[in-house]
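query.cif follows (mmCIF, C-alpha atoms and all ligand atoms):
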```cif
data_run
loop_
_atom_site.label_atom_id
_atom_site.label_comp_id
_atom_site.auth_asym_id
_atom_site.auth_seq_id
_atom_site.Cartn_x
_atom_site.Cartn_y
_atom_site.Cartn_z
CA MET P 1 117.48 79.81 67.66
CA ASN P 2 116.34 79.88 71.26
CA THR P 3 117.19 77.09 73.63
CA GLN P 4 114.82 76.31 76.48
CA VAL P 5 117.24 77.96 78.87
CA GLU P 6 117.38 81.14 76.82
CA LEU P 7 113.60 81.25 76.58
CA PHE P 8 113.30 80.89 80.35
CA ASP P 9 115.99 83.50 81.01
CA ASN P 10 114.35 85.91 78.57
CA LYS P 11 110.99 85.58 80.27
CA VAL P 12 112.50 86.20 83.68
CA GLU P 13 114.47 89.17 82.40
CA ASN P 14 111.40 90.73 80.77
CA ASP P 15 109.06 90.07 83.72
CA ILE P 16 106.94 87.57 81.77
CA SER P 17 105.62 85.08 84.28
CA ILE P 18 106.69 81.46 84.17
CA GLU P 19 103.66 79.16 83.97
CA PRO P 20 103.28 75.50 85.02
CA LYS P 21 103.67 74.06 81.50
CA ASP P 22 106.74 76.17 80.65
CA TRP P 23 110.17 74.60 80.77
CA MET P 24 112.05 75.65 83.90
CA PRO P 25 115.39 74.64 85.45
CA ASP P 26 115.09 71.87 88.04
CA ALA P 27 116.69 74.05 90.68
CA TYR P 28 114.09 76.81 90.06
CA ARG P 29 111.28 74.27 90.45
CA LYS P 30 112.88 72.83 93.59
CA THR P 31 113.41 76.18 95.26
CA LEU P 32 109.82 77.23 94.50
CA ILE P 33 108.41 74.01 95.95
CA ARG P 34 110.53 74.61 99.06
CA GLN P 35 109.46 78.24 99.48
CA ILE P 36 105.78 77.86 98.50
CA GLY P 37 105.45 74.66 100.55
CA GLN P 38 106.99 76.30 103.61
CA HIS P 39 104.83 79.35 103.07
CA GLY P 40 101.71 77.13 102.94
CA HIS P 41 102.81 75.32 106.10
CA SER P 42 103.28 78.71 107.83
CA GLU P 43 99.69 79.67 107.07
CA VAL P 44 98.38 76.36 108.40
CA VAL P 45 100.59 76.20 111.52
CA GLY P 46 99.88 79.92 112.01
CA MET P 47 96.27 79.04 112.72
CA LEU P 48 97.29 77.26 115.94
CA PRO P 49 98.40 80.15 118.19
CA GLU P 50 95.34 82.17 117.13
CA GLY P 51 92.93 79.24 117.27
CA ASN P 52 94.01 78.90 120.90
CA TRP P 53 92.07 82.12 121.65
CA ILE P 54 88.83 81.59 119.71
CA THR P 55 86.96 80.33 122.78
CA ARG P 56 88.44 83.07 124.95
CA ALA P 57 88.03 86.18 122.76
CA PRO P 58 86.79 89.01 125.00
CA THR P 59 83.62 89.90 123.02
CA LEU P 60 81.35 88.35 120.40
CA LYS P 61 82.67 90.83 117.82
CA ARG P 62 86.30 89.89 118.52
CA LYS P 63 85.41 86.21 118.37
CA ALA P 64 83.67 86.57 114.97
CA VAL P 65 86.63 88.52 113.57
CA LEU P 66 89.16 86.01 114.90
CA LEU P 67 87.18 83.06 113.51
CA ALA P 68 87.09 84.72 110.09
CA LYS P 69 90.81 85.46 110.24
CA VAL P 70 91.74 81.90 111.15
CA GLN P 71 89.56 80.60 108.31
CA ASP P 72 91.31 83.01 105.93
CA GLU P 73 94.68 81.56 106.97
CA ALA P 74 93.41 78.04 106.17
CA GLY P 75 92.36 79.31 102.74
CA HIS P 76 95.82 80.82 102.18
CA GLY P 77 97.38 77.47 103.00
CA LEU P 78 95.15 75.80 100.41
CA TYR P 79 95.98 78.31 97.65
CA LEU P 80 99.67 77.83 98.37
CA TYR P 81 99.53 74.03 98.43
CA SER P 82 97.66 74.20 95.10
CA ALA P 83 100.36 76.49 93.67
CA ALA P 84 103.04 73.99 94.82
CA GLU P 85 101.06 71.16 93.17
CA THR P 86 101.28 72.97 89.81
CA LEU P 87 105.04 72.38 90.10
CA GLY P 88 104.57 68.65 90.62
CA ALA P 89 104.69 68.64 94.43
CA ASP P 90 102.44 66.19 96.25
CA ARG P 91 100.33 67.64 99.06
CA ASP P 92 100.42 64.50 101.22
CA ASP P 93 104.18 64.33 100.83
CA MET P 94 104.56 67.99 101.89
CA MET P 95 102.38 67.39 104.93
CA GLU P 96 104.35 64.30 105.91
CA LYS P 97 107.62 66.21 105.54
CA LEU P 98 106.28 68.97 107.81
CA ILE P 99 105.32 66.44 110.48
CA ALA P 100 108.68 64.69 110.17
CA GLY P 101 110.53 68.02 110.59
CA ARG P 102 111.87 67.89 107.02
CA MET P 103 110.04 71.03 105.88
CA LYS P 104 110.06 74.32 107.73
CA TYR P 105 107.36 76.85 108.61
CA SER P 106 107.76 80.40 109.84
CA SER P 107 109.75 80.77 113.07
CA ILE P 108 107.16 83.21 114.45
CA PHE P 109 104.59 80.51 115.12
CA ASN P 110 106.83 78.79 117.64
CA TYR P 111 106.13 81.48 120.22
CA PRO P 112 103.20 81.15 122.63
CA THR P 113 100.10 83.38 122.75
CA LEU P 114 99.89 84.05 126.48
CA THR P 115 97.32 86.87 126.58
CA TRP P 116 94.61 88.41 124.40
CA ALA P 117 97.06 91.20 123.50
CA ASP P 118 99.21 88.57 121.77
CA ILE P 119 96.36 88.00 119.31
CA ALA P 120 96.26 91.72 118.58
CA ALA P 121 100.06 91.67 118.18
CA ILE P 122 99.89 88.76 115.74
CA GLY P 123 97.32 90.57 113.59
CA TRP P 124 99.21 93.83 113.65
CA LEU P 125 102.90 92.84 113.72
CA VAL P 126 102.94 89.33 112.24
CA ASP P 127 100.45 90.00 109.47
CA GLY P 128 102.14 93.38 109.00
CA ALA P 129 105.50 91.65 108.44
CA ALA P 130 103.86 89.01 106.24
CA ILE P 131 102.36 91.73 104.03
CA VAL P 132 105.66 93.53 103.50
CA ASN P 133 107.11 90.24 102.25
CA GLN P 134 104.04 89.17 100.31
CA VAL P 135 103.31 92.43 98.47
CA ALA P 136 106.70 91.93 96.82
CA LEU P 137 105.75 88.33 96.02
CA CYS P 138 102.70 89.52 94.02
CA ARG P 139 105.25 90.18 91.25
CA THR P 140 107.29 87.01 91.75
CA SER P 141 108.29 85.24 88.54
CA TYR P 142 106.14 82.10 88.95
CA GLY P 143 102.59 82.93 87.80
CA PRO P 144 100.47 80.72 90.13
CA TYR P 145 102.42 81.89 93.20
CA ALA P 146 102.12 85.57 92.21
CA ARG P 147 98.38 85.29 91.58
CA ALA P 148 97.76 83.49 94.89
CA MET P 149 99.62 86.34 96.62
CA VAL P 150 97.33 89.04 95.22
CA ARG P 151 94.29 87.62 96.99
CA ILE P 152 96.24 86.68 100.10
CA CYS P 153 97.56 90.24 100.45
CA LYS P 154 94.05 91.69 100.33
CA GLU P 155 93.01 89.47 103.22
CA GLU P 156 96.23 90.07 105.16
CA SER P 157 95.64 93.82 104.95
CA PHE P 158 92.31 93.38 106.71
CA HIS P 159 94.06 91.19 109.31
CA GLN P 160 96.71 93.80 109.91
CA ARG P 161 94.19 96.60 110.38
CA GLN P 162 92.00 94.62 112.74
CA GLY P 163 95.12 93.75 114.76
CA PHE P 164 96.14 97.39 114.99
CA GLU P 165 92.61 98.39 116.04
CA ALA P 166 92.52 95.68 118.74
CA MET P 167 95.92 96.88 119.98
CA MET P 168 94.75 100.50 119.97
CA VAL P 169 91.79 99.62 122.21
CA LEU P 170 94.12 97.92 124.69
CA ALA P 171 96.73 100.71 124.55
CA ASN P 172 94.01 103.27 125.32
CA GLY P 173 92.35 101.08 127.96
CA THR P 174 92.99 100.57 131.66
CA PRO P 175 96.61 100.60 132.95
CA GLU P 176 96.43 96.78 133.10
CA GLN P 177 95.32 96.58 129.47
CA LYS P 178 98.05 98.98 128.37
CA ALA P 179 100.63 96.92 130.26
CA MET P 180 99.34 93.78 128.52
CA ALA P 181 99.69 95.51 125.12
CA GLN P 182 103.26 96.58 125.95
CA ASP P 183 104.17 93.08 127.11
CA ALA P 184 102.92 91.64 123.80
CA VAL P 185 105.02 94.16 121.83
CA ASP P 186 108.03 93.33 124.01
CA ARG P 187 107.69 89.61 123.25
CA PHE P 188 106.68 89.78 119.57
CA TRP P 189 108.88 92.62 118.27
CA TRP P 190 112.12 90.71 117.76
CA PRO P 191 110.50 87.46 116.53
CA ALA P 192 108.57 89.60 113.96
CA LEU P 193 111.91 90.98 112.69
CA MET P 194 113.23 87.42 112.43
CA MET P 195 110.38 86.46 110.07
CA PHE P 196 112.34 88.03 107.18
CA GLY P 197 115.06 85.42 107.50
CA PRO P 198 118.81 85.65 108.12
CA ASN P 199 120.87 88.72 107.16
CA ASP P 200 121.65 88.95 103.45
CA ASP P 201 125.26 87.86 103.93
CA ASN P 202 124.03 84.69 105.66
CA SER P 203 121.11 83.77 103.40
CA PRO P 204 122.16 80.82 101.23
CA ASN P 205 119.08 80.83 98.96
CA SER P 206 118.93 84.54 98.19
CA ALA P 207 121.39 84.86 95.30
CA ALA P 208 119.65 82.27 93.11
CA SER P 209 116.14 83.35 94.17
CA MET P 210 116.90 86.97 93.31
CA ALA P 211 118.46 86.06 89.96
CA TRP P 212 115.28 84.11 89.12
CA LYS P 213 113.12 87.00 90.46
CA ILE P 214 111.41 84.64 92.90
CA LYS P 215 112.55 87.19 95.48
CA LEU P 216 112.50 90.80 94.31
CA PHE P 217 113.93 92.28 97.51
CA SER P 218 116.46 90.90 99.93
CA ASN P 219 115.69 89.76 103.47
CA ASP P 220 117.37 92.86 104.95
CA GLU P 221 115.63 95.28 102.56
CA LEU P 222 112.20 93.93 103.52
CA ARG P 223 113.05 93.88 107.23
CA GLN P 224 114.09 97.54 107.05
CA LYS P 225 110.85 98.43 105.25
CA PHE P 226 108.85 96.70 108.00
CA VAL P 227 110.73 98.56 110.75
CA ASN P 228 110.25 101.90 108.96
CA ASN P 229 106.51 101.23 108.58
CA THR P 230 105.95 99.97 112.10
CA VAL P 231 107.99 102.16 114.46
CA PRO P 232 105.67 105.18 113.91
CA GLN P 233 102.66 102.94 114.59
CA VAL P 234 104.14 101.77 117.91
CA LEU P 235 104.77 105.38 118.89
CA GLN P 236 101.26 106.39 117.82
CA LEU P 237 99.90 103.75 120.22
CA GLY P 238 101.92 105.30 123.06
CA LEU P 239 103.94 102.10 123.41
CA THR P 240 107.70 101.56 123.33
CA ILE P 241 109.98 99.34 121.27
CA PRO P 242 112.20 96.89 123.16
CA ASP P 243 115.36 98.05 121.39
CA LYS P 244 117.69 100.47 123.16
CA ASP P 245 119.72 100.90 119.95
CA LEU P 246 116.80 102.08 117.80
CA THR P 247 117.54 105.46 116.20
CA PHE P 248 116.19 107.44 113.27
CA ASN P 249 118.77 108.23 110.61
CA GLU P 250 117.69 111.50 109.03
CA GLU P 251 119.98 111.07 106.04
CA THR P 252 118.71 107.67 104.94
CA GLY P 253 115.19 108.04 106.37
CA ASN P 254 115.62 104.63 108.01
CA TYR P 255 115.09 103.56 111.60
CA GLU P 256 118.34 101.81 112.49
CA PHE P 257 117.83 98.93 114.86
CA GLY P 258 119.91 96.75 117.18
CA GLU P 259 121.36 93.32 116.54
CA ILE P 260 118.88 90.47 116.18
CA ASN P 261 119.53 87.46 118.39
CA TRP P 262 120.49 85.08 115.58
CA ASP P 263 121.29 82.25 118.00
CA GLU P 264 117.66 82.33 119.04
CA PHE P 265 116.46 82.43 115.40
CA PHE P 266 118.59 79.46 114.32
CA ALA P 267 117.58 77.48 117.42
CA VAL P 268 113.89 78.11 116.66
CA ILE P 269 114.18 77.02 113.01
CA ALA P 270 116.13 73.95 114.13
CA GLY P 271 113.10 72.87 116.17
CA LYS P 272 114.17 74.22 119.57
CA GLY P 273 111.72 77.11 120.00
CA PRO P 274 109.25 77.33 122.89
CA CYS P 275 106.34 75.74 120.97
CA ASN P 276 107.86 73.70 118.10
CA HIS P 277 106.96 70.36 119.65
CA GLU P 278 103.41 71.43 120.48
CA ARG P 279 102.80 72.82 116.96
CA ILE P 280 104.01 69.70 115.17
CA GLU P 281 102.09 67.44 117.52
CA ALA P 282 98.89 69.41 116.75
CA ARG P 283 99.50 69.01 113.00
CA ARG P 284 100.30 65.30 113.41
CA LYS P 285 97.04 64.73 115.32
CA ALA P 286 95.00 66.66 112.71
CA TRP P 287 96.68 64.65 109.93
CA GLU P 288 95.95 61.32 111.62
CA ASP P 289 92.39 62.29 112.63
CA GLY P 290 91.69 63.39 109.05
CA LYS P 291 92.81 60.10 107.45
CA TRP P 292 89.26 58.75 107.15
CA VAL P 293 88.21 61.89 105.26
CA ARG P 294 91.11 61.57 102.79
CA ASP P 295 90.43 57.84 102.34
CA SER P 296 86.69 58.42 101.76
CA ALA P 297 87.39 61.20 99.27
CA ALA P 298 89.80 58.93 97.37
CA VAL P 299 87.23 56.09 97.20
CA TYR P 300 84.54 58.55 96.06
CA ALA P 301 86.82 59.96 93.35
CA GLN P 302 87.63 56.43 92.14
CA LYS P 303 83.92 55.54 91.94
CA GLN P 304 83.18 58.73 90.00
CA GLN P 305 85.92 57.82 87.55
CA VAL P 306 84.55 54.27 87.07
CA ASN P 307 81.02 55.65 86.54
CA ALA P 308 82.31 58.20 84.04
CA GLN P 309 84.16 55.45 82.13
CA LYS P 310 81.00 53.27 82.09
CA ALA P 311 78.92 56.19 80.80
CA ALA P 312 81.44 57.01 78.03
N1 LIG P 401 111.26 80.88 109.69
O1 LIG P 401 118.35 81.52 102.49
P1 LIG P 401 117.21 82.03 103.30
C1 LIG P 401 102.25 84.52 107.67
C2 LIG P 401 114.99 79.39 106.56
S1 LIG P 401 103.13 83.85 106.40
C3 LIG P 401 111.64 79.63 109.37
O2 LIG P 401 117.12 83.50 103.51
P2 LIG P 401 114.82 82.05 101.68
C4 LIG P 401 100.77 84.62 107.51
C5 LIG P 401 114.84 79.21 105.07
O3 LIG P 401 113.67 78.47 104.76
C6 LIG P 401 104.81 83.79 107.01
N2 LIG P 401 112.65 79.37 108.50
O4 LIG P 401 115.83 81.43 102.72
C7 LIG P 401 100.09 84.49 108.79
C8 LIG P 401 116.13 78.48 104.74
O5 LIG P 401 116.02 77.12 105.10
P3 LIG P 401 115.92 75.92 104.00
C9 LIG P 401 105.62 82.97 106.11
C10 LIG P 401 113.23 80.44 107.92
O6 LIG P 401 113.78 81.04 101.42
C11 LIG P 401 100.03 85.54 109.67
C12 LIG P 401 117.11 79.09 105.71
O7 LIG P 401 116.37 79.64 106.77
N3 LIG P 401 105.97 83.74 104.93
O8 LIG P 401 102.85 84.86 108.60
C13 LIG P 401 112.85 81.76 108.18
O9 LIG P 401 115.54 82.61 100.51
C14 LIG P 401 99.37 85.42 110.88
C15 LIG P 401 117.99 80.16 105.07
O10 LIG P 401 117.22 81.34 104.73
C16 LIG P 401 106.64 83.19 103.94
O11 LIG P 401 106.96 82.01 103.95
C17 LIG P 401 111.82 81.96 109.11
N4 LIG P 401 111.41 83.18 109.47
O12 LIG P 401 114.18 83.30 102.45
C18 LIG P 401 99.50 83.28 109.13
C19 LIG P 401 106.93 84.09 102.77
N5 LIG P 401 113.63 82.57 107.47
O13 LIG P 401 114.57 76.07 103.35
C20 LIG P 401 98.83 83.15 110.37
C21 LIG P 401 107.61 83.39 101.64
C22 LIG P 401 114.47 81.80 106.77
O14 LIG P 401 117.02 76.18 102.98
C23 LIG P 401 98.77 84.23 111.24
N6 LIG P 401 108.97 83.03 101.96
N7 LIG P 401 114.24 80.52 107.05
O15 LIG P 401 116.05 74.68 104.78
C24 LIG P 401 110.01 83.86 101.78
O16 LIG P 401 109.88 84.99 101.37
C25 LIG P 401 111.40 83.30 102.06
O17 LIG P 401 111.30 81.90 102.07
C26 LIG P 401 112.01 83.81 103.40
C27 LIG P 401 113.37 83.11 103.59
C28 LIG P 401 112.25 85.31 103.32
C29 LIG P 401 111.13 83.47 104.58
#
```
Would you encode the structure as structure tokens?
Amino acid sequence: MNTQVELFDNKVENDISIEPKDWMPDAYRKTLIRQIGQHGHSEVVGMLPEGNWITRAPTLKRKAVLLAKVQDEAGHGLYLYSAAETLGADRDDMMEKLIAGRMKYSSIFNYPTLTWADIAAIGWLVDGAAIVNQVALCRTSYGPYARAMVRICKEESFHQRQGFEAMMVLANGTPEQKAMAQDAVDRFWWPALMMFGPNDDNSPNSAASMAWKIKLFSNDELRQKFVNNTVPQVLQLGLTIPDKDLTFNEETGNYEFGEINWDEFFAVIAGKGPCNHERIEARRKAWEDGKWVRDSAAVYAQKQQVNAQKAA
């Protein structure tokens, strides 16, 4: 006779996805709401540093591509919030927690976008890091999250390639453009590595998340994969990596890299990064300005329900 726990464990063990109506441990549900909610918030807050450049993109083509990319990120946020709702989370509650600083979003979006090259760097390095993490999540144990990731990864791949192409144009441009590209790499390299989270021996959620197959690879494994993928791309662009300790280990096939500044990482996720205040203020304003839309939609939905009841 199978207990609910055994059924759940069996599904996880045999890579059968867990679906919204299945029984699941409370802690599994809670950790998924935390991760999916924070992931959704990252997509939505991630629109801000890029949105900052829509009016200043250097050509019409770049502007059209950037607009499409930012819209894609909004869509990703919506898929993720919907996936969190299948677990019983409330979207308004998640939004209010974000604004109150009680839910996190990716550290990377607390850095400023000072030049056009930063937009290229976000597409190439930030989306590149996001893909490494998200390709693994396409096989995560919770069905709605895994399925959302499949579509998101397709769009992120386009983002990554357009970012690399924009960077390539700058790297092959005038000396000023090349210097701008290098400056963006210098500022975004380490924060991109931090996106994968703390080292494995300092990652409190990893053991449970890996046992439940929410995470299939550890933070350090994914970070290493990103470094291995990206170093050759930096070199191909004729740019350098701001890490004097970077070496290629011929035995393991890995690029070994220097120590991440964890004090900086923990300060940023505690709300003390260069743009945390600005990002949350932008979300607070959007939330308050959008209240009339939410209220109108709620009244409309209520009226539809009353009409449907009358007609029945
Ligand atoms: N930033 O125990 P762990 C994108 C927190 S999408 C902020 O290792 P976990 C698309 C963590 O929440 C980018 N906080 O945690 C785009 C935990 O705190 P908590 C977002 C971080 O969950 C591109 C604490 O530290 N992607 O970029 C970060 O097992 C361009 C301890 O950490 C995802 O969210 C961080 N970097 O592993 C959009 C992917 N790292 O919650 C626009 C899904 C860790 O206990 C433009 N998420 N923390 O208070 C994941 O894979 C995992 O949640 C990790 C963290 C790997 C991020």
Requested in this report: Would you list the residues that come within 7 Å of ligand LIG 401 (chain P)? Count only C-alpha atoms and all ligand atoms and give the answer as JSON, numbers by chain.
Outcome: {"P": [34, 35, 36, 38, 39, 42, 43, 46, 47, 73, 104, 105, 106, 107, 108, 122, 123, 126, 127, 130, 133, 134, 194, 195, 196, 197, 198, 203, 204, 205, 206, 209, 215, 219, 269]}
Query raised in the report: Quick one: of P:Val227, P:Ile152, P:Thr115, P:Leu48, who's nearest to Gly77 in chain P, counting all atoms listed in the file?
Result: P:Ile152
Query raised in the report: With all atoms listed in the file as the basis for distance, which of P:Gln305, P:Asn276, P:Thr86, P:Asn261 is at the shortest distance from Pro191 in chain P?
Result: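 Once distances to Pro191 in chain P are computed over all atoms listed in the file, the minimum belongs to P:Asn261.
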Query raised in the report: Of the candidates P:Leu170, P:Val234, P:Leu80, P:Ile99, which one gets nearest to Arg283 in chain P if we count all atoms listed in the file?
Result: P:Ile99
Query raised in the report: In Å, how far is it from CA of Ile18 in chain P to CA of Tyr142 in chain P?
Result: 4.9 Å
Query - Point-to-point distance in Å for CA of Phe158 in chain P and CA of Ala136 in chain P - result: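 Separation between CA of Ala136 in chain P and CA of Phe158 in chain P: 17.5 Å.
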Query - For Pro274 in chain P, the nearest of the candidates P:Pro112, P:Lys61, P:Asn10, P:Asp295, counting only C-alpha atoms - result: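 Closest to Pro274 in chain P of all the choices is P:Pro112.
Picture a line from CA of Lys21 in chain P to CA of Gln309 in chain P; it runs 27.0 Å.
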